[in-house]
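Following: one structure in structure tokens, then a few remarks.
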Amino acid sequence: MSVSRESVLYFDPNGGEQAAVLKSILVRMGVRIRNVAPEAVGQTIGCLLGRKGFDAREAPEAPALAEPVLVLDGFTDKRLEILLREMKKNGVSIPYKAVVTETNLGWLFHQLYDELAAEHEAMSK
């Protein structure tokens with residue numbers, strides 16, 4: 001597959017085989033992977049993506065997050081469909097997924113996580 005302008009923020013507190021399979025899919029698709037370390041979850045989405053105007057916060061709070069998170073940036077509908085299909089085909093399940101928007105660029109990573117967790121809980125009822 002050709003190199004793309006897409007990138008993902010990927011946080012996984014567990015690592016393991018699922019993380020390796022997901023990263024393999026992303027590499028094959030030419031997607032840039034930005035791993036989010038536990039101590040970086042207090043930074044904004046924009047900062048973690050390297051966007052101008054989103055500077056790193058000094059000593060940000062870093063609450064512990066329990067679930068993997070995949071934040072997608074720059075994907076067309078078709079490329080998103082391909083990624084989701086490949087994930088399903090390879091048994092990769094990450095319920096906490098989001099697409100970058102102008103609104104959530106300024107959110108702290110853990111705030112986006114909290115929003116995704118609340119949405120996931122509401123949909124699971």
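Ordered as shown in the structure tokens, chains take letters A, B, and onward, while each chain numbers its residues from 1 and ligands are numbered from 1 in the order shown.
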Please list as a compact mmCIF listing (two decimals) with N, CA, C and O atoms, in the first residue's frame every residue within 12 Å of region 112-121 of chain A, counting only C-alpha atoms and excluding residues in the same chain fewer than 2 positions away.
```
# COMPACT_ATOMS: atom_id res chain seq x y z
N LEU A 9 -2.85 8.28 17.08
CA LEU A 9 -2.34 8.28 18.44
C LEU A 9 -2.79 6.95 19.01
O LEU A 9 -3.98 6.60 18.93
N TYR A 10 -1.86 6.20 19.56
CA TYR A 10 -2.19 4.88 20.08
C TYR A 10 -1.71 4.75 21.51
O TYR A 10 -0.52 4.90 21.80
N PHE A 11 -2.65 4.48 22.40
CA PHE A 11 -2.34 4.22 23.80
C PHE A 11 -2.80 2.81 24.12
O PHE A 11 -3.95 2.45 23.83
N ASP A 12 -1.91 2.03 24.70
CA ASP A 12 -2.28 0.67 25.09
C ASP A 12 -1.56 0.32 26.38
O ASP A 12 -0.34 0.11 26.37
N VAL A 41 -0.66 11.33 28.88
CA VAL A 41 -2.12 11.45 28.71
C VAL A 41 -2.67 12.78 29.21
O VAL A 41 -3.84 13.10 28.98
N GLY A 42 -1.83 13.60 29.84
CA GLY A 42 -2.23 14.93 30.26
C GLY A 42 -1.92 16.00 29.23
O GLY A 42 -2.13 17.19 29.49
N GLN A 43 -1.47 15.61 28.06
CA GLN A 43 -1.21 16.54 26.96
C GLN A 43 -2.43 16.63 26.06
O GLN A 43 -3.27 15.72 26.05
N THR A 44 -2.51 17.70 25.26
CA THR A 44 -3.64 17.84 24.34
C THR A 44 -3.44 16.93 23.13
O THR A 44 -2.31 16.55 22.79
N ILE A 45 -4.56 16.63 22.48
CA ILE A 45 -4.51 15.84 21.25
C ILE A 45 -3.64 16.57 20.22
O ILE A 45 -2.79 15.96 19.57
N GLY A 46 -3.83 17.88 20.10
CA GLY A 46 -3.04 18.67 19.16
C GLY A 46 -1.55 18.59 19.42
O GLY A 46 -0.75 18.47 18.50
N PRO A 63 -3.55 10.75 34.81
CA PRO A 63 -4.32 9.67 35.43
C PRO A 63 -4.10 8.36 34.70
O PRO A 63 -3.79 8.35 33.50
N ALA A 64 -4.23 7.28 35.42
CA ALA A 64 -4.05 5.95 34.81
C ALA A 64 -5.26 5.61 33.95
O ALA A 64 -6.40 5.75 34.40
N LEU A 65 -5.02 5.20 32.72
CA LEU A 65 -6.10 4.79 31.82
C LEU A 65 -6.04 3.27 31.69
O LEU A 65 -4.97 2.69 31.55
N ALA A 66 -7.21 2.64 31.69
CA ALA A 66 -7.26 1.18 31.75
C ALA A 66 -7.39 0.50 30.39
O ALA A 66 -7.03 -0.66 30.25
N GLU A 67 -7.92 1.20 29.39
CA GLU A 67 -8.22 0.57 28.10
C GLU A 67 -7.39 1.18 26.97
O GLU A 67 -7.03 2.35 27.02
N PRO A 68 -7.15 0.40 25.91
CA PRO A 68 -6.47 0.94 24.73
C PRO A 68 -7.34 2.00 24.04
O PRO A 68 -8.56 1.92 24.07
N VAL A 69 -6.67 2.97 23.43
CA VAL A 69 -7.35 4.05 22.71
C VAL A 69 -6.65 4.26 21.37
O VAL A 69 -5.43 4.28 21.30
N LEU A 70 -7.46 4.45 20.32
CA LEU A 70 -6.94 4.72 18.98
C LEU A 70 -7.60 6.00 18.50
O LEU A 70 -8.82 6.08 18.38
N VAL A 71 -6.78 7.04 18.26
CA VAL A 71 -7.27 8.32 17.78
C VAL A 71 -6.74 8.51 16.36
O VAL A 71 -5.53 8.52 16.14
N ILE A 94 -10.62 -2.69 19.49
CA ILE A 94 -10.34 -1.53 20.33
C ILE A 94 -11.62 -0.70 20.38
O ILE A 94 -11.91 0.05 19.46
N PRO A 95 -12.41 -0.86 21.46
CA PRO A 95 -13.69 -0.15 21.53
C PRO A 95 -13.56 1.37 21.63
O PRO A 95 -14.45 2.09 21.24
N TYR A 96 -12.43 1.86 22.16
CA TYR A 96 -12.26 3.30 22.34
C TYR A 96 -11.51 3.87 21.14
O TYR A 96 -10.28 3.89 21.10
N LYS A 97 -12.28 4.32 20.15
CA LYS A 97 -11.73 4.91 18.93
C LYS A 97 -12.37 6.28 18.72
O LYS A 97 -13.55 6.46 19.01
N ALA A 98 -11.59 7.21 18.18
CA ALA A 98 -12.11 8.53 17.87
C ALA A 98 -11.39 9.08 16.64
O ALA A 98 -10.26 8.69 16.35
N VAL A 99 -12.07 9.98 15.95
CA VAL A 99 -11.48 10.70 14.83
C VAL A 99 -11.17 12.12 15.33
O VAL A 99 -11.98 12.71 16.05
N VAL A 100 -10.03 12.65 14.96
CA VAL A 100 -9.65 14.01 15.36
C VAL A 100 -10.59 15.02 14.70
O VAL A 100 -10.86 14.93 13.50
N THR A 101 -11.06 15.97 15.51
CA THR A 101 -11.90 17.06 15.02
C THR A 101 -11.30 18.38 15.52
O THR A 101 -10.42 18.38 16.39
N THR A 103 -12.75 20.38 17.36
CA THR A 103 -13.16 20.48 18.76
C THR A 103 -12.24 19.71 19.68
O THR A 103 -11.77 20.23 20.69
N ASN A 104 -11.94 18.44 19.34
CA ASN A 104 -11.17 17.65 20.29
C ASN A 104 -9.65 17.85 20.20
O ASN A 104 -8.92 17.32 21.02
N LEU A 105 -9.18 18.63 19.24
CA LEU A 105 -7.74 18.93 19.17
C LEU A 105 -7.23 19.57 20.46
O LEU A 105 -6.11 19.32 20.88
N GLY A 106 -8.06 20.38 21.10
CA GLY A 106 -7.68 21.07 22.32
C GLY A 106 -7.93 20.28 23.60
O GLY A 106 -7.57 20.73 24.68
N TRP A 107 -8.56 19.13 23.47
CA TRP A 107 -8.83 18.31 24.65
C TRP A 107 -7.56 17.62 25.12
O TRP A 107 -6.70 17.25 24.30
N LEU A 108 -7.49 17.37 26.41
CA LEU A 108 -6.42 16.54 26.94
C LEU A 108 -6.73 15.10 26.55
O LEU A 108 -7.90 14.71 26.47
N PHE A 109 -5.70 14.32 26.32
CA PHE A 109 -5.90 12.93 25.90
C PHE A 109 -6.80 12.19 26.88
O PHE A 109 -7.72 11.47 26.47
N HIS A 110 -6.57 12.37 28.17
CA HIS A 110 -7.40 11.65 29.15
C HIS A 110 -8.84 12.15 29.16
O HIS A 110 -9.75 11.40 29.51
N MET A 123 -23.65 3.05 25.38
CA MET A 123 -24.05 2.19 24.27
C MET A 123 -24.14 0.73 24.70
O MET A 123 -24.81 -0.07 24.05
N SER A 124 -23.46 0.37 25.78
CA SER A 124 -23.45 -1.00 26.26
C SER A 124 -24.64 -1.34 27.15
O SER A 124 -24.82 -2.48 27.54
N LYS A 125 -25.42 -0.33 27.51
CA LYS A 125 -26.57 -0.56 28.39
C LYS A 125 -27.74 -1.13 27.64
O LYS A 125 -27.97 -0.97 26.51
```
Using DSSP on the backbone coordinates, identify the residues of region 53-93 of chain A assigned to strand (DSSP E or B); present them as number ranges by chain.
A: 69-73
Per residue of region 35-118 of chain A within 8 Å of region 19-28 of chain A, note the shortest atom pair and the distance in Å to one decimal, counting only C-alpha atoms, and order the rows by chain and increasing residue number, as a tab-separated table.
```
residue	atom	partner	partner_atom	distance
A:Leu83	CA	A:Ile25	CA	7.7
A:Glu86	CA	A:Ile25	CA	7.0
A:Met87	CA	A:Leu22	CA	6.9
A:Asn90	CA	A:Val21	CA	7.4
A:Val92	CA	A:Leu22	CA	6.6
```
Check chain A with DSSP on the backbone and list each residue it calls helix (DSSP H, G or I), as an MDAnalysis selection string.
chainID A and resid 16:29 38:40 45:48 77:89 104:106 109:124
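CA of Asp73 (chain A) is positioned 5.9 Å from CA of Val8 (chain A).
CA of Cys47 (chain A) is found 26.4 Å from CA of Gly16 (chain A).
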Taking into account only C-alpha atoms, which residue in the set A:Lys78, A:Gly91, A:Ile33, A:Glu58 is nearest to Gln18 (chain A)?
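When distances to Gln18 (chain A) are compared using only C-alpha atoms, the smallest one comes from A:Gly91.
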